[in-house]
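Chemist: Got a structure for you, written out below as structure tokens; questions coming shortly.
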Amino acid sequence: MPELPDVEVLRSYLDKKGLHQPVHQVEVFAEEVLEGISAREVHSQVTGRSFSSTARHGKYLFAELNGNGWVVFHFGMTGQLHWLQPGTRTPDHTRVLFIFSNRQSLAFVLRRKLGRFGIIPDITGFVATKGLGPDALSKELDLHTLQQRLKKTSGTIKGALTNQGLIAGIGNIYSDEILFQARIHPKNRANKLDREAMRLIFRKIGEVLQTAIEREADPAHMPATYLLPHRQKGGVCPVCGTKLKQLRISGRATFYCSNCQQ
Ligand SMILES: [Zn+2]
């Protein structure tokens, strides 16, 4: 599932390729992915406008419609954006297609229809309506805020890190990586962690997410000491060679090293 680093890579991709080009036509192929808007409204609000800037909060990507609100993408389990040159075949599972006046196009592709597309007046209101916590890489998530939020959480640290209402952007894969890098067992109670552990988690949130963005969220390009490429059945710890353990926490498959993580 696309998490903060994946969505940030898509944001910078859209920022580099998709700005300031009028939308000639927008096609909605699956109305069920639209949230709070009809296909007709999408046509009338997007056609003729161009994207003037991009933003991200947690796992949501926003593109501004020249000061007339924002389109919002949520990528669900499998979502992608594909930039297409004129004459290129539209990819399978394209749910929304923007055709620009230069004949290039942008495809919002969802293999499963779990992602969402909408148009919103402003990001702050949207974040509040969705009940999202501060973005994991924003200034709003400082050490003090993180400590306050974890202290109020009686569940596991794994559950807390992936709870979008507490912190927005971290999902199953990067929560495992953050806890692996902090050498903290995923089943520890969030509110029982000491100050040192919370400080370490805070540092690793920034470090892991930033490293993943720099490496385009590609598991093949992660540092040698990262769990991510080994995070599968039969995988071994890249630090000590112990076979990784697998647990289900809050319904999510969680990988950890029983030797390195206490
Ligand atoms: Zn280990």
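Note on naming: chains are A, B, ... as they come in the structure tokens, residues start from 1 per chain, ligands start from 1 in the order shown.
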Please report, as a Markdown table, each residue of chain A lying at most 9 Å from ligand 1, together with the nearest pair of atoms and the separation in Å rounded to one decimal; use only C-alpha atoms and all ligand atoms, and order rows by chain and ascending residue number.

Modeler:
| residue | atom | partner | partner_atom_place_in_ligand_line | distance |
| --- | --- | --- | --- | --- |
| A:Phe180 | CA | ligand 1 | 1 (Zn) | 8.5 |
| A:Arg183 | CA | ligand 1 | 1 (Zn) | 8.8 |
| A:Val236 | CA | ligand 1 | 1 (Zn) | 7.8 |
| A:Cys237 | CA | ligand 1 | 1 (Zn) | 4.6 |
| A:Pro238 | CA | ligand 1 | 1 (Zn) | 6.7 |
| A:Val239 | CA | ligand 1 | 1 (Zn) | 5.1 |
| A:Cys240 | CA | ligand 1 | 1 (Zn) | 4.2 |
| A:Gly241 | CA | ligand 1 | 1 (Zn) | 6.0 |
| A:Thr242 | CA | ligand 1 | 1 (Zn) | 5.5 |
| A:Lys243 | CA | ligand 1 | 1 (Zn) | 8.0 |
| A:Leu244 | CA | ligand 1 | 1 (Zn) | 7.7 |
| A:Tyr256 | CA | ligand 1 | 1 (Zn) | 8.1 |
| A:Cys257 | CA | ligand 1 | 1 (Zn) | 4.8 |
| A:Ser258 | CA | ligand 1 | 1 (Zn) | 6.7 |
| A:Asn259 | CA | ligand 1 | 1 (Zn) | 5.0 |
| A:Cys260 | CA | ligand 1 | 1 (Zn) | 4.2 |
| A:Gln261 | CA | ligand 1 | 1 (Zn) | 7.2 |

Chemist: Can you list, as a JSON list (two decimals) with C-alpha atoms, in the first residue's frame, every protein, DNA or RNA residue that comes within 6 Å of stretch 104-116 of chain A when you count only C-alpha atoms, leaving out same-chain residues fewer than 4 positions away?

Modeler:
[["chain", "number", "residue", "atom", "x", "y", "z"],
["A", 33, "VAL", "CA", -13.83, 5.84, -6.85],
["A", 34, "LEU", "CA", -15.22, 9.39, -6.69],
["A", 73, "PHE", "CA", -5.92, 11.40, -4.72],
["A", 74, "HIS", "CA", -5.87, 8.54, -2.25],
["A", 75, "PHE", "CA", -4.05, 5.49, -3.55],
["A", 76, "GLY", "CA", -5.68, 2.72, -1.51],
["A", 78, "THR", "CA", -2.34, -0.38, -5.19],
["A", 79, "GLY", "CA", -2.77, 3.13, -6.62],
["A", 80, "GLN", "CA", -0.38, 4.73, -9.12],
["A", 81, "LEU", "CA", -0.08, 7.76, -11.37],
["A", 82, "HIS", "CA", 1.22, 7.26, -14.91],
["A", 83, "TRP", "CA", 2.30, 10.03, -17.22],
["A", 84, "LEU", "CA", 1.49, 9.18, -20.85],
["A", 85, "GLN", "CA", 2.92, 10.57, -24.05],
["A", 86, "PRO", "CA", 0.48, 11.31, -26.92],
["A", 93, "HIS", "CA", -7.43, -0.17, -14.44],
["A", 94, "THR", "CA", -7.26, 3.57, -15.20],
["A", 95, "ARG", "CA", -10.08, 5.11, -13.15],
["A", 96, "VAL", "CA", -9.59, 8.79, -13.96],
["A", 97, "LEU", "CA", -7.71, 10.14, -16.98],
["A", 98, "PHE", "CA", -6.65, 13.76, -17.49],
["A", 99, "ILE", "CA", -5.87, 14.70, -21.08],
["A", 100, "PHE", "CA", -3.91, 17.93, -21.33]]

Chemist: Hey, can you check how far atom CA of A:Thr90 sits from atom CA of A:Tyr60?

Modeler: 23.4 Å

Chemist: Which residue is closest to A:Thr47? Choose from A:His24, A:Lys17, A:Arg189, A:His221 and count only C-alpha atoms.

Modeler: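 Closest to A:Thr47, using only C-alpha atoms: A:His24.
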
Chemist: Just the residues within 8 Å of A:Leu150, please, counting only C-alpha atoms, with nothing from its chain fewer than 2 positions along; format it as an MDAnalysis selection string.

Modeler: chainID A and resid 146:148 152:153 157 160 190:191

Chemist: Restrict the selected residues to N, CA and C atoms and save them as an mmCIF file, in the first residue's frame.

Modeler:
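And here is the file that came out, part_16.cif:
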data_model
loop_
_atom_site.group_PDB
_atom_site.id
_atom_site.type_symbol
_atom_site.label_atom_id
_atom_site.label_comp_id
_atom_site.auth_asym_id
_atom_site.auth_seq_id
_atom_site.Cartn_x
_atom_site.Cartn_y
_atom_site.Cartn_z
ATOM 1 N N LEU A 146 4.544 14.150 19.581
ATOM 2 C CA LEU A 146 4.573 12.690 19.480
ATOM 3 C C LEU A 146 4.434 12.065 20.873
ATOM 4 N N GLN A 147 5.192 12.578 21.841
ATOM 5 C CA GLN A 147 5.130 12.045 23.214
ATOM 6 C C GLN A 147 3.708 12.157 23.763
ATOM 7 N N GLN A 148 3.095 13.325 23.589
ATOM 8 C CA GLN A 148 1.725 13.534 24.083
ATOM 9 C C GLN A 148 0.771 12.503 23.471
ATOM 10 N N LYS A 152 -1.188 8.924 25.321
ATOM 11 C CA LYS A 152 -2.641 8.751 25.392
ATOM 12 C C LYS A 152 -3.103 7.456 24.732
ATOM 13 N N THR A 153 -2.154 6.639 24.235
ATOM 14 C CA THR A 153 -2.510 5.448 23.472
ATOM 15 C C THR A 153 -2.195 4.189 24.272
ATOM 16 N N ILE A 157 2.674 -0.037 20.125
ATOM 17 C CA ILE A 157 3.378 1.019 19.386
ATOM 18 C C ILE A 157 3.188 0.824 17.878
ATOM 19 N N ALA A 160 -0.144 2.245 17.109
ATOM 20 C CA ALA A 160 -0.126 3.708 17.234
ATOM 21 C C ALA A 160 0.518 4.356 16.008
ATOM 22 N N ALA A 190 2.337 1.550 23.669
ATOM 23 C CA ALA A 190 2.797 2.902 23.300
ATOM 24 C C ALA A 190 2.970 3.785 24.538
ATOM 25 N N ASN A 191 2.005 3.733 25.462
ATOM 26 C CA ASN A 191 2.071 4.652 26.612
ATOM 27 C C ASN A 191 3.026 4.174 27.711
#

Chemist: Measuring atom to atom with only C-alpha atoms, identify which of A:Ser50, A:Thr254, A:Gln246, A:Ser101 is nearest to A:Ile173.

Modeler: A:Thr254

Chemist: If I take atom CA of A:Glu64 and atom CA of A:Gln45, how far is one from the other in Å, to one decimal?

Modeler: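 Taking atom CA of A:Glu64 and atom CA of A:Gln45, their separation equals 11.6 Å.
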
Chemist: Among stretch 29-252 of chain A, which ones does DSSP place in strand (DSSP E), written as a PyMOL selection string?

Modeler: chain A and resi 51-57+60-65+70-74+80-84+94-100+105-109+116-120+245-249+252

Chemist: Using only C-alpha atoms, which residues of stretch 166-224 of chain A come within 10 Å of stretch 4-9 of chain A, and what is the closest atom pair for each, with the distance in Å to one decimal? Give it as a tab-separated table, sorted by chain and residue number.

Modeler:
residue	atom	partner	partner_atom	distance
A:Ala168	CA	A:Leu4	CA	8.1
A:Gly169	CA	A:Leu4	CA	4.5
A:Ile170	CA	A:Leu4	CA	6.1
A:Gly171	CA	A:Leu4	CA	8.0
A:Tyr174	CA	A:Leu4	CA	8.8
A:Val208	CA	A:Pro5	CA	9.3
A:Leu209	CA	A:Pro5	CA	6.0
A:Gln210	CA	A:Pro5	CA	7.6
A:Thr211	CA	A:Pro5	CA	8.8
A:Ala212	CA	A:Pro5	CA	6.0
A:Ile213	CA	A:Pro5	CA	5.0
A:Glu214	CA	A:Pro5	CA	8.8
A:Arg215	CA	A:Pro5	CA	9.2
A:Glu216	CA	A:Val9	CA	6.0
A:Ala217	CA	A:Asp6	CA	5.5
A:Asp218	CA	A:Asp6	CA	8.6

Chemist: Rounded to one decimal, what separation in Å do you get between atom CA of A:Arg11 and atom CA of A:Ser250?

Modeler: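 That distance, rounded to one decimal, is 28.8 Å.
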
Chemist: Find the residue from A:Pro223, A:Val23, A:Val46, A:Glu207 that sits nearest to A:Leu137; use only C-alpha atoms when measuring.

Modeler: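 When distances to A:Leu137 are compared using only C-alpha atoms, the smallest one comes from A:Glu207.
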
Chemist: Excluding stretch 61-63 of chain A and residues on its chain fewer than 6 positions from it, collect all residues at most 10 Å away from it, counting only C-alpha atoms, and give them as a list in words.

Modeler: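 Here the qualifying residues turn out to be Leu4, Val7, Glu8, Leu10, Arg11, Leu14, Asp15, Gly18, Leu19, Ser50, Phe51, Ser52, Ser53, Thr54, Ala55, Gly69, Trp70, Val71, Val72, Phe73, His74, Phe75, Phe117, Gly118, Ile119, Ile120, Asp122 and Ile123 of chain A.
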
Chemist: Which polymer residues have any atom within 10 Å of an atom of A:Lys192, counting only C-alpha atoms, with same-chain residues fewer than 4 positions away left out, as a count of residues only?

Modeler: 10

Chemist: If you run DSSP on the backbone, which residues of stretch 44-252 of chain A are helix (DSSP H, G or I), as a PyMOL selection string?

Modeler: chain A and resi 44-46+123-130+143-151+157-162+172-182+190-192+195-214+219-221+228-230

Chemist: Considering only C-alpha atoms, state which residue in the set A:Pro186, A:Leu179, A:Gln262, A:Ala136 is at the smallest distance from A:Leu227.

Modeler: A:Leu179

Chemist: From the set A:Gly159, A:Pro134, A:Gly87, A:Gly235, which residue has the shortest atom-to-atom contact distance to A:Arg248, counting only C-alpha atoms?

Modeler: A:Gly159
